[in-house]
file start.cif (mmCIF, C-alpha atoms)
data_entry
loop_
_atom_site.label_atom_id
_atom_site.label_comp_id
_atom_site.auth_asym_id
_atom_site.auth_seq_id
_atom_site.Cartn_x
_atom_site.Cartn_y
_atom_site.Cartn_z
CA MET B 190 -7.83 15.71 -23.68
CA ALA B 191 -4.52 15.29 -25.49
CA LEU B 192 -2.39 12.17 -25.94
CA VAL B 193 1.31 12.99 -25.67
CA LYS B 194 4.25 10.79 -26.68
CA PHE B 195 7.54 11.69 -24.99
CA GLY B 196 11.02 10.94 -26.29
CA GLY B 197 13.83 13.48 -26.30
CA GLY B 198 11.13 16.02 -25.51
CA VAL B 199 7.62 15.77 -26.96
CA VAL B 200 7.69 13.51 -30.01
CA GLN B 201 4.02 13.52 -30.92
CA MET B 202 0.69 14.87 -29.64
CA SER B 203 -2.92 14.17 -30.48
CA GLY B 204 -5.90 16.01 -29.04
CA SER B 205 -6.54 19.50 -27.68
CA ILE B 206 -4.96 21.70 -25.04
CA GLY B 207 -6.54 25.11 -24.49
CA GLY B 208 -7.35 26.59 -27.88
CA THR B 209 -5.00 24.40 -29.91
CA THR B 210 -5.65 20.98 -31.44
CA TYR B 211 -2.65 18.77 -32.24
CA GLY B 212 -2.58 15.95 -34.75
CA ARG B 213 -0.74 14.44 -37.65
CA ASN B 214 -1.31 14.22 -41.38
CA ARG B 215 0.79 12.74 -44.19
CA TYR B 216 3.16 15.74 -44.02
CA GLY B 217 3.94 15.34 -40.31
CA ASN B 218 2.76 16.81 -37.02
CA ILE B 219 0.32 19.73 -37.19
CA ALA B 220 -1.29 22.23 -34.81
CA ARG B 221 -4.44 24.18 -35.60
CA ALA B 222 -6.97 26.35 -33.80
CA ARG B 223 -9.45 24.30 -31.86
CA THR B 224 -13.00 24.49 -33.20
CA THR B 225 -16.12 24.01 -31.11
CA PRO B 226 -19.25 22.47 -32.68
CA VAL B 227 -22.04 24.98 -33.14
CA ASN B 228 -24.63 22.53 -31.84
CA ALA B 229 -23.38 19.67 -29.70
CA ASN B 230 -26.85 18.26 -29.20
CA THR B 231 -28.19 17.53 -32.68
CA ALA B 232 -30.67 14.73 -33.35
CA ARG B 233 -27.89 12.54 -34.77
CA GLN B 234 -25.65 13.10 -31.75
CA SER B 235 -28.52 12.36 -29.40
CA ALA B 236 -29.23 9.14 -31.30
CA ILE B 237 -25.64 7.89 -31.08
CA ARG B 238 -25.48 8.75 -27.38
CA ALA B 239 -28.67 6.72 -26.86
CA ILE B 240 -27.11 3.77 -28.71
CA MET B 241 -23.95 3.98 -26.60
CA SER B 242 -25.99 4.08 -23.39
CA SER B 243 -28.08 1.08 -24.47
CA VAL B 244 -25.03 -0.95 -25.49
CA SER B 245 -23.24 -0.13 -22.24
CA GLN B 246 -26.22 -1.30 -20.21
CA SER B 247 -26.37 -4.52 -22.25
CA TRP B 248 -22.84 -5.42 -21.14
CA PHE B 249 -24.09 -5.67 -17.55
CA SER B 250 -27.74 -6.67 -17.99
CA VAL B 251 -27.79 -8.91 -21.08
CA LEU B 252 -24.40 -10.64 -21.27
CA ASP B 253 -23.52 -13.36 -18.80
CA ALA B 254 -20.09 -13.83 -17.23
CA ALA B 255 -18.97 -16.32 -19.88
CA GLN B 256 -19.87 -13.94 -22.70
CA ARG B 257 -18.04 -11.04 -21.04
CA ALA B 258 -14.98 -13.25 -20.56
CA ALA B 259 -15.10 -14.25 -24.25
CA TRP B 260 -15.05 -10.60 -25.28
CA GLY B 261 -11.98 -10.18 -23.07
CA VAL B 262 -10.26 -13.08 -24.85
CA TYR B 263 -11.11 -11.60 -28.25
CA ALA B 264 -9.87 -8.14 -27.24
CA SER B 265 -6.57 -9.52 -25.95
CA ASN B 266 -5.92 -11.15 -29.33
CA VAL B 267 -6.89 -8.27 -31.60
CA PRO B 268 -4.68 -5.15 -31.64
CA ALA B 269 -6.06 -1.67 -32.20
CA THR B 270 -4.35 1.61 -33.10
CA ASN B 271 -4.62 4.78 -31.00
CA LYS B 272 -4.51 8.38 -32.23
CA LEU B 273 -0.72 8.36 -32.10
CA GLY B 274 -0.55 5.36 -34.41
CA GLU B 275 0.58 3.05 -31.61
CA VAL B 276 -0.65 -0.53 -31.25
CA ILE B 277 -2.82 -1.02 -28.16
CA TYR B 278 -5.24 -3.63 -26.85
CA LEU B 279 -8.75 -2.68 -25.76
CA SER B 280 -10.59 -4.21 -22.83
CA GLY B 281 -13.34 -6.71 -23.54
CA TYR B 282 -15.90 -4.08 -22.51
CA ASN B 283 -14.51 -1.49 -24.92
CA GLN B 284 -14.31 -4.01 -27.75
CA PHE B 285 -17.96 -4.98 -27.15
CA ILE B 286 -18.96 -1.29 -27.18
CA LYS B 287 -16.95 -0.63 -30.35
CA SER B 288 -18.52 -3.48 -32.32
CA ASN B 289 -22.08 -3.01 -31.10
CA VAL B 290 -22.26 0.78 -31.47
CA ALA B 291 -21.04 0.40 -35.06
CA ALA B 292 -23.55 -2.38 -35.75
CA GLN B 293 -26.56 -0.68 -34.22
CA ASN B 294 -25.76 2.71 -35.76
CA ALA B 295 -25.84 0.89 -39.12
CA GLY B 296 -29.21 -0.68 -38.28
CA LEU B 297 -27.79 -4.16 -37.70
CA ALA B 298 -28.69 -6.55 -34.91
CA ALA B 299 -26.98 -6.49 -31.52
CA ILE B 300 -24.03 -8.88 -31.13
CA SER B 301 -23.83 -10.65 -27.78
CA ASP B 302 -21.31 -13.42 -28.46
CA ALA B 303 -17.70 -12.42 -29.02
CA PRO B 304 -16.00 -13.34 -32.30
CA THR B 305 -13.97 -16.56 -32.18
CA ILE B 306 -11.81 -15.61 -35.18
CA PHE B 307 -8.96 -13.33 -34.13
CA THR B 308 -8.33 -11.53 -37.43
CA LEU B 309 -9.96 -8.29 -38.51
CA PRO B 310 -11.50 -7.67 -41.92
CA GLY B 311 -9.10 -5.90 -44.25
CA GLU B 312 -9.94 -2.79 -46.22
CA ASP B 313 -11.70 -3.03 -49.57
CA THR B 314 -8.91 -2.39 -52.09
CA SER B 315 -11.49 -1.56 -54.79
CA PHE B 316 -13.14 1.15 -52.70
CA ALA B 317 -13.88 4.22 -54.82
CA VAL B 318 -16.65 6.82 -54.76
CA ALA B 319 -18.23 8.97 -57.47
CA ILE B 320 -20.62 11.73 -56.38
CA SER B 321 -23.38 13.31 -58.45
CA VAL B 322 -25.07 16.67 -57.96
CA ALA B 323 -28.10 15.53 -59.92
CA SER B 324 -28.81 12.47 -57.79
CA GLN B 325 -27.20 13.66 -54.51
CA GLU B 326 -25.87 10.11 -54.17
CA LEU B 327 -22.57 8.37 -53.55
CA SER B 328 -21.83 5.68 -56.11
CA VAL B 329 -19.60 3.26 -54.22
CA THR B 330 -17.36 0.75 -55.99
CA ILE B 331 -16.85 -2.39 -53.90
CA ASP B 332 -14.95 -5.65 -54.36
CA GLU B 333 -17.61 -8.23 -55.17
CA SER B 334 -15.32 -11.07 -54.08
CA ASP B 335 -15.25 -9.98 -50.41
CA ASP B 336 -16.83 -12.46 -47.98
CA TRP B 337 -19.06 -9.96 -46.16
CA LEU B 338 -21.24 -9.46 -49.25
CA ASP B 339 -22.60 -13.03 -48.93
CA GLU B 340 -23.20 -12.74 -45.19
CA ALA B 341 -26.49 -11.74 -43.58
CA GLY B 342 -25.48 -9.35 -40.80
CA GLY B 343 -22.30 -8.26 -42.56
CA ALA B 344 -22.06 -4.79 -44.06
CA MET B 345 -19.89 -1.95 -45.27
CA ILE B 346 -20.57 1.18 -43.23
CA ILE B 347 -20.31 4.40 -45.24
CA GLN B 348 -19.67 7.86 -43.83
CA MET B 349 -19.25 11.11 -45.73
CA GLY B 350 -17.27 14.19 -44.72
CA ILE B 351 -18.66 17.69 -44.91
CA PRO B 352 -17.90 19.06 -48.43
CA GLN B 353 -14.72 21.12 -48.88
CA ASN B 354 -13.18 23.44 -51.46
CA ASP B 355 -11.30 21.50 -54.13
CA SER B 356 -8.01 23.08 -52.99
CA ILE B 357 -8.13 21.33 -49.59
CA GLU B 358 -5.57 18.52 -49.30
CA PHE B 359 -6.20 17.21 -45.77
CA PHE B 360 -9.43 16.39 -44.01
CA GLY B 361 -9.80 15.04 -40.48
CA GLY B 362 -13.57 15.35 -40.05
CA PRO B 363 -16.33 15.73 -39.21
CA TYR B 364 -17.89 12.72 -40.90
CA ARG B 365 -21.60 11.92 -40.94
CA HIS B 366 -23.14 8.46 -41.20
CA ALA B 367 -24.61 7.97 -44.68
CA ASP B 368 -25.83 4.37 -44.74
CA SER B 369 -24.60 0.80 -44.81
CA ILE B 370 -24.32 -1.53 -47.78
CA ASP B 371 -25.75 -4.71 -46.30
CA GLY B 372 -24.57 -8.21 -47.08
CA ASP B 373 -27.10 -10.84 -48.10
CA ASP B 374 -26.63 -14.60 -48.24
CA THR B 375 -29.27 -14.88 -50.99
CA THR B 376 -28.80 -11.80 -53.16
CA PRO B 377 -25.47 -10.10 -52.38
CA PRO B 378 -25.05 -6.42 -53.26
CA THR B 379 -23.35 -5.59 -56.54
CA THR B 380 -21.03 -2.80 -57.54
CA PRO B 381 -21.50 0.10 -57.72
CA ALA B 382 -23.83 0.49 -54.75
CA THR B 383 -25.64 3.80 -54.30
CA VAL B 384 -25.95 5.64 -50.99
CA ALA B 385 -27.74 8.95 -50.41
CA CYS B 386 -25.47 11.86 -49.46
CA PRO B 387 -26.02 12.98 -45.85
CA TYR B 388 -24.78 16.46 -46.84
CA VAL B 389 -26.00 18.48 -49.85
CA VAL B 390 -23.22 18.62 -52.46
CA ALA B 391 -22.43 21.04 -55.28
CA ALA B 392 -20.31 20.63 -58.40
CA GLU B 393 -16.51 20.84 -58.01
CA GLN B 394 -16.53 20.39 -54.25
CA LYS B 395 -14.09 17.87 -52.79
CA VAL B 396 -15.59 15.21 -50.56
CA TRP B 397 -13.91 12.61 -48.40
CA THR B 398 -15.80 9.34 -47.95
CA ARG B 399 -14.79 6.54 -45.63
CA GLY B 400 -15.91 2.96 -45.20
CA ARG B 401 -15.36 0.10 -42.80
CA ILE B 402 -16.44 -3.51 -42.94
CA ILE B 403 -18.32 -5.21 -40.14
CA ARG B 404 -18.78 -8.96 -40.16
CA ALA B 405 -21.85 -10.65 -38.70
CA ASP B 406 -19.81 -11.87 -35.72
CA GLY B 407 -18.81 -8.30 -34.79
CA ARG B 408 -15.32 -8.11 -36.27
CA LEU B 409 -14.77 -4.55 -37.43
CA SER B 410 -12.17 -3.26 -39.88
CA ASP B 411 -10.26 -0.01 -39.66
CA TRP B 412 -11.60 2.91 -41.69
CA PHE B 413 -10.44 3.25 -45.31
CA ARG B 414 -10.85 6.56 -47.13
CA VAL B 415 -10.99 8.16 -50.57
CA ASN B 416 -11.67 11.70 -51.78
CA SER B 417 -13.66 12.66 -54.85
CA ILE B 418 -14.57 15.77 -56.81
CA VAL B 419 -18.32 16.17 -57.12
CA GLY B 420 -19.56 15.82 -60.69
CA ALA B 421 -22.69 16.97 -62.42
#
call {"tool": "encode", "arguments": {"input": "start.cif", "output": "structure tokens"}}
result
Amino acid sequence: MALVKFGGGVVQMSGSIGGTTYGRNRYGNIARARTTPVNANTARQSAIRAIMSSVSQSWFSVLDAAQRAAWGVYASNVPATNKLGEVIYLSGYNQFIKSNVAAQNAGLAAISDAPTIFTLPGEDTSFAVAISVASQELSVTIDESDDWLDEAGGAMIIQMGIPQNDSIEFFGGPYRHADSIDGDDTTPPTTPATVACPYVVAAEQKVWTRGRIIRADGRLSDWFRVNSIVGA
């Protein structure tokens, strides 16, 4: 499905029509051949579908009416951004799904009560990643002053893109979940934190890594990204 923005003609598109995928990078609008995953039913994909199904059922079977209404209030106060870069507002149901799928995919507890603070976590401005062939690990620099580090149930979720040639300048995915750096109210994590690479890496490859912060109450930041050249 493609999202289309009309103006004096078509101003912007995002998504796929037929064999062409439309999107946007820092240079402007782009169109490329649509690619189809070789295996759309891997163990990881099956696991995330199971999480989504479980979270969806929880909305109806676990939450009561007051909790569902509170998620609606939260969603109406917290803007999101769609694929066209436009500000939108999700439904309470979709906001609940978004927060809980992210939490449970990171191994965190389910979140039934909606956040009562209507501001999202910002990106970590210290976020940087070094990657080693020898260890097959991501060494993640984080800002040790951020509040989530001292919070049980808070975390930084880390995903890694499939390795690319060092000449590649734009990467839109796919990303694979690597791990989460978990907050702790007794012994907070320190920088740099190490995370195992979910893809095998080789020297001189370019790798995009992205992170997002989730607070214990379910508030979820936007993704923030860096790219790195794999070292020895």
call {"tool": "closest_residue", "arguments": {"input": "start.cif", "among": "B:Asn294, B:Pro378, B:Ala392, B:Gly400", "to": "Ser235 of chain B", "atoms": "all atoms listed in the file"}}
result
B:Asn294
call {"tool": "closest_residue", "arguments": {"input": "start.cif", "among": "B:Val384, B:Ile277, B:Val251, B:Val322", "to": "Ile346 of chain B", "atoms": "all atoms listed in the file"}}
result
B:Val384
call {"tool": "resolve_selection", "arguments": {"input": "start.cif", "expression": "the PyMOL selection byres ((chain B and resi 326) around 6)", "output": "number ranges by chain"}}
result
B: 320-321, 324-325, 327, 384-386
call {"tool": "resolve_selection", "arguments": {"input": "start.cif", "expression": "the PyMOL selection byres ((chain B and resi 283) around 12)", "output": "list in words"}}
result
Met241, Val244, Ser245, Trp248, Arg257, Trp260, Gly261, Tyr263, Ala264, Ser265, Ala269, Tyr278, Leu279, Ser280, Gly281, Tyr282, Gln284, Phe285, Ile286, Lys287, Ser288, Asn289 and Val290 of chain B
call {"tool": "residues_around", "arguments": {"input": "start.cif", "residues": "Ser417 of chain B", "least_positions_apart": "2", "cutoff": "9 Å", "atoms": "only C-alpha atoms", "output": "PDB file with C-alpha atoms, in the frame of the given file"}}
result
ATOM      1  CA  ALA B 317     -13.880   4.220 -54.820  1.00  0.00           C
ATOM      2  CA  VAL B 318     -16.650   6.820 -54.760  1.00  0.00           C
ATOM      3  CA  ALA B 319     -18.230   8.970 -57.470  1.00  0.00           C
ATOM      4  CA  ILE B 320     -20.620  11.730 -56.380  1.00  0.00           C
ATOM      5  CA  GLN B 394     -16.530  20.390 -54.250  1.00  0.00           C
ATOM      6  CA  LYS B 395     -14.090  17.870 -52.790  1.00  0.00           C
ATOM      7  CA  VAL B 396     -15.590  15.210 -50.560  1.00  0.00           C
ATOM      8  CA  TRP B 397     -13.910  12.610 -48.400  1.00  0.00           C
ATOM      9  CA  THR B 398     -15.800   9.340 -47.950  1.00  0.00           C
ATOM     10  CA  VAL B 415     -10.990   8.160 -50.570  1.00  0.00           C
ATOM     11  CA  VAL B 419     -18.320  16.170 -57.120  1.00  0.00           C
ATOM     12  CA  GLY B 420     -19.560  15.820 -60.690  1.00  0.00           C
TER      13      GLY B 420
END
call {"tool": "closest_residue", "arguments": {"input": "start.cif", "among": "B:Ser356, B:Asp368, B:Val262, B:Asp253", "to": "Thr305 of chain B", "atoms": "only C-alpha atoms"}}
result
B:Val262
call {"tool": "resolve_selection", "arguments": {"input": "start.cif", "expression": "the PyMOL selection byres ((chain B and resi 331-342) around 10)", "output": "NGL selection string"}}
result
:B and (292 or 296-300 or 310-318 or 328-330 or 343-345 or 370-382 or 402-407)
call {"tool": "write_last_selection", "arguments": {"input": "start.cif", "atoms": "C-alpha atoms", "output": "mmCIF file, in the coordinates of the input"}}
result
data_model
loop_
_atom_site.group_PDB
_atom_site.id
_atom_site.type_symbol
_atom_site.label_atom_id
_atom_site.label_comp_id
_atom_site.auth_asym_id
_atom_site.auth_seq_id
_atom_site.Cartn_x
_atom_site.Cartn_y
_atom_site.Cartn_z
ATOM 1 C CA ALA B 292 -23.550 -2.380 -35.750
ATOM 2 C CA GLY B 296 -29.210 -0.680 -38.280
ATOM 3 C CA LEU B 297 -27.790 -4.160 -37.700
ATOM 4 C CA ALA B 298 -28.690 -6.550 -34.910
ATOM 5 C CA ALA B 299 -26.980 -6.490 -31.520
ATOM 6 C CA ILE B 300 -24.030 -8.880 -31.130
ATOM 7 C CA PRO B 310 -11.500 -7.670 -41.920
ATOM 8 C CA GLY B 311 -9.100 -5.900 -44.250
ATOM 9 C CA GLU B 312 -9.940 -2.790 -46.220
ATOM 10 C CA ASP B 313 -11.700 -3.030 -49.570
ATOM 11 C CA THR B 314 -8.910 -2.390 -52.090
ATOM 12 C CA SER B 315 -11.490 -1.560 -54.790
ATOM 13 C CA PHE B 316 -13.140 1.150 -52.700
ATOM 14 C CA ALA B 317 -13.880 4.220 -54.820
ATOM 15 C CA VAL B 318 -16.650 6.820 -54.760
ATOM 16 C CA SER B 328 -21.830 5.680 -56.110
ATOM 17 C CA VAL B 329 -19.600 3.260 -54.220
ATOM 18 C CA THR B 330 -17.360 0.750 -55.990
ATOM 19 C CA GLY B 343 -22.300 -8.260 -42.560
ATOM 20 C CA ALA B 344 -22.060 -4.790 -44.060
ATOM 21 C CA MET B 345 -19.890 -1.950 -45.270
ATOM 22 C CA ILE B 370 -24.320 -1.530 -47.780
ATOM 23 C CA ASP B 371 -25.750 -4.710 -46.300
ATOM 24 C CA GLY B 372 -24.570 -8.210 -47.080
ATOM 25 C CA ASP B 373 -27.100 -10.840 -48.100
ATOM 26 C CA ASP B 374 -26.630 -14.600 -48.240
ATOM 27 C CA THR B 375 -29.270 -14.880 -50.990
ATOM 28 C CA THR B 376 -28.800 -11.800 -53.160
ATOM 29 C CA PRO B 377 -25.470 -10.100 -52.380
ATOM 30 C CA PRO B 378 -25.050 -6.420 -53.260
ATOM 31 C CA THR B 379 -23.350 -5.590 -56.540
ATOM 32 C CA THR B 380 -21.030 -2.800 -57.540
ATOM 33 C CA PRO B 381 -21.500 0.100 -57.720
ATOM 34 C CA ALA B 382 -23.830 0.490 -54.750
ATOM 35 C CA ILE B 402 -16.440 -3.510 -42.940
ATOM 36 C CA ILE B 403 -18.320 -5.210 -40.140
ATOM 37 C CA ARG B 404 -18.780 -8.960 -40.160
ATOM 38 C CA ALA B 405 -21.850 -10.650 -38.700
ATOM 39 C CA ASP B 406 -19.810 -11.870 -35.720
ATOM 40 C CA GLY B 407 -18.810 -8.300 -34.790
#
call {"tool": "closest_residue", "arguments": {"input": "start.cif", "among": "B:Asp411, B:Ile347, B:Phe360, B:Gln293", "to": "Ala239 of chain B", "atoms": "all atoms listed in the file"}}
result
B:Gln293
call {"tool": "atom_distance", "arguments": {"input": "start.cif", "atom1": "atom CA of Phe413 of chain B", "atom2": "atom CA of Met349 of chain B"}}
result
11.8 Å
call {"tool": "atom_distance", "arguments": {"input": "start.cif", "atom1": "atom CA of Ser410 of chain B", "atom2": "atom CA of Asn266 of chain B"}}
result
14.6 Å
call {"tool": "atom_distance", "arguments": {"input": "start.cif", "atom1": "atom CA of Ala259 of chain B", "atom2": "atom CA of Ala303 of chain B"}}
result
5.7 Å
call {"tool": "closest_residue", "arguments": {"input": "start.cif", "among": "B:Arg401, B:Lys272, B:Arg408, B:Arg365", "to": "Tyr388 of chain B", "atoms": "only C-alpha atoms"}}
result
B:Arg365
call {"tool": "closest_residue", "arguments": {"input": "start.cif", "among": "B:Ser243, B:Phe249, B:Ala258, B:Arg233", "to": "Pro387 of chain B", "atoms": "only C-alpha atoms"}}
result
B:Arg233
call {"tool": "decode", "arguments": {"input": "start.cif", "residues": "segment 387-418 of chain B", "atoms": "N, CA and C atoms", "output": "mmCIF file, in the first residue's frame"}}
result
data_model
loop_
_atom_site.group_PDB
_atom_site.id
_atom_site.type_symbol
_atom_site.label_atom_id
_atom_site.label_comp_id
_atom_site.auth_asym_id
_atom_site.auth_seq_id
_atom_site.Cartn_x
_atom_site.Cartn_y
_atom_site.Cartn_z
ATOM 1 N N PRO B 387 23.369 -8.966 15.556
ATOM 2 C CA PRO B 387 22.441 -9.986 15.057
ATOM 3 C C PRO B 387 22.786 -10.467 13.648
ATOM 4 N N TYR B 388 23.649 -9.729 12.946
ATOM 5 C CA TYR B 388 24.197 -10.162 11.657
ATOM 6 C C TYR B 388 25.705 -10.347 11.817
ATOM 7 N N VAL B 389 26.289 -11.285 11.083
ATOM 8 C CA VAL B 389 27.742 -11.430 11.055
ATOM 9 C C VAL B 389 28.322 -10.261 10.269
ATOM 10 N N VAL B 390 29.373 -9.635 10.805
ATOM 11 C CA VAL B 390 29.984 -8.484 10.136
ATOM 12 C C VAL B 390 31.413 -8.804 9.715
ATOM 13 N N ALA B 391 31.881 -8.069 8.700
ATOM 14 C CA ALA B 391 33.249 -8.204 8.213
ATOM 15 C C ALA B 391 33.875 -6.811 8.134
ATOM 16 N N ALA B 392 35.191 -6.758 8.173
ATOM 17 C CA ALA B 392 35.902 -5.484 8.170
ATOM 18 C C ALA B 392 35.546 -4.646 6.954
ATOM 19 N N GLU B 393 35.427 -3.340 7.170
ATOM 20 C CA GLU B 393 35.173 -2.324 6.147
ATOM 21 C C GLU B 393 33.738 -2.281 5.656
ATOM 22 N N GLN B 394 32.867 -3.124 6.159
ATOM 23 C CA GLN B 394 31.454 -2.975 5.830
ATOM 24 C C GLN B 394 30.883 -1.736 6.533
ATOM 25 N N LYS B 395 29.825 -1.186 5.950
ATOM 26 C CA LYS B 395 29.119 -0.075 6.593
ATOM 27 C C LYS B 395 27.832 -0.623 7.195
ATOM 28 N N VAL B 396 27.591 -0.237 8.430
ATOM 29 C CA VAL B 396 26.429 -0.745 9.158
ATOM 30 C C VAL B 396 25.666 0.407 9.783
ATOM 31 N N TRP B 397 24.358 0.412 9.551
ATOM 32 C CA TRP B 397 23.480 1.365 10.217
ATOM 33 C C TRP B 397 22.917 0.724 11.484
ATOM 34 N N THR B 398 22.957 1.453 12.573
ATOM 35 C CA THR B 398 22.378 1.001 13.838
ATOM 36 C C THR B 398 21.385 2.049 14.297
ATOM 37 N N ARG B 399 20.256 1.613 14.838
ATOM 38 C CA ARG B 399 19.292 2.576 15.346
ATOM 39 C C ARG B 399 18.869 2.203 16.766
ATOM 40 N N GLY B 400 18.483 3.224 17.504
ATOM 41 C CA GLY B 400 18.036 3.020 18.874
ATOM 42 C C GLY B 400 16.786 3.829 19.144
ATOM 43 N N ARG B 401 16.047 3.407 20.152
ATOM 44 C CA ARG B 401 14.919 4.193 20.635
ATOM 45 C C ARG B 401 14.784 3.922 22.127
ATOM 46 N N ILE B 402 14.321 4.913 22.841
ATOM 47 C CA ILE B 402 14.194 4.814 24.289
ATOM 48 C C ILE B 402 12.754 4.508 24.653
ATOM 49 N N ILE B 403 12.573 3.547 25.543
ATOM 50 C CA ILE B 403 11.257 3.276 26.095
ATOM 51 C C ILE B 403 11.337 3.481 27.601
ATOM 52 N N ARG B 404 10.396 4.264 28.125
ATOM 53 C CA ARG B 404 10.325 4.472 29.558
ATOM 54 C C ARG B 404 9.435 3.409 30.183
ATOM 55 N N ALA B 405 9.543 3.227 31.488
ATOM 56 C CA ALA B 405 8.795 2.175 32.172
ATOM 57 C C ALA B 405 7.289 2.350 32.038
ATOM 58 N N ASP B 406 6.837 3.596 31.832
ATOM 59 C CA ASP B 406 5.400 3.840 31.705
ATOM 60 C C ASP B 406 4.892 3.637 30.279
ATOM 61 N N GLY B 407 5.775 3.283 29.344
ATOM 62 C CA GLY B 407 5.357 2.993 27.977
ATOM 63 C C GLY B 407 5.629 4.095 26.982
ATOM 64 N N ARG B 408 6.130 5.243 27.426
ATOM 65 C CA ARG B 408 6.458 6.304 26.464
ATOM 66 C C ARG B 408 7.648 5.867 25.614
ATOM 67 N N LEU B 409 7.517 6.074 24.309
ATOM 68 C CA LEU B 409 8.462 5.522 23.351
ATOM 69 C C LEU B 409 8.983 6.635 22.453
ATOM 70 N N SER B 410 10.293 6.757 22.348
ATOM 71 C CA SER B 410 10.878 7.791 21.499
ATOM 72 C C SER B 410 10.827 7.395 20.041
ATOM 73 N N ASP B 411 11.100 8.355 19.160
ATOM 74 C CA ASP B 411 11.337 8.041 17.756
ATOM 75 C C ASP B 411 12.689 7.338 17.641
ATOM 76 N N TRP B 412 12.912 6.682 16.499
ATOM 77 C CA TRP B 412 14.209 6.058 16.245
ATOM 78 C C TRP B 412 15.267 7.128 15.997
ATOM 79 N N PHE B 413 16.475 6.897 16.468
ATOM 80 C CA PHE B 413 17.634 7.719 16.096
ATOM 81 C C PHE B 413 18.710 6.781 15.565
ATOM 82 N N ARG B 414 19.466 7.240 14.559
ATOM 83 C CA ARG B 414 20.312 6.347 13.779
ATOM 84 C C ARG B 414 21.738 6.886 13.642
ATOM 85 N N VAL B 415 22.687 5.959 13.503
ATOM 86 C CA VAL B 415 24.055 6.293 13.115
ATOM 87 C C VAL B 415 24.542 5.203 12.166
ATOM 88 N N ASN B 416 25.582 5.525 11.383
ATOM 89 C CA ASN B 416 26.234 4.462 10.602
ATOM 90 C C ASN B 416 27.707 4.398 10.980
ATOM 91 N N SER B 417 28.270 3.220 10.861
ATOM 92 C CA SER B 417 29.646 2.969 11.285
ATOM 93 C C SER B 417 30.323 2.055 10.290
ATOM 94 N N ILE B 418 31.648 2.216 10.172
ATOM 95 C CA ILE B 418 32.449 1.278 9.391
ATOM 96 C C ILE B 418 33.010 0.232 10.347
#
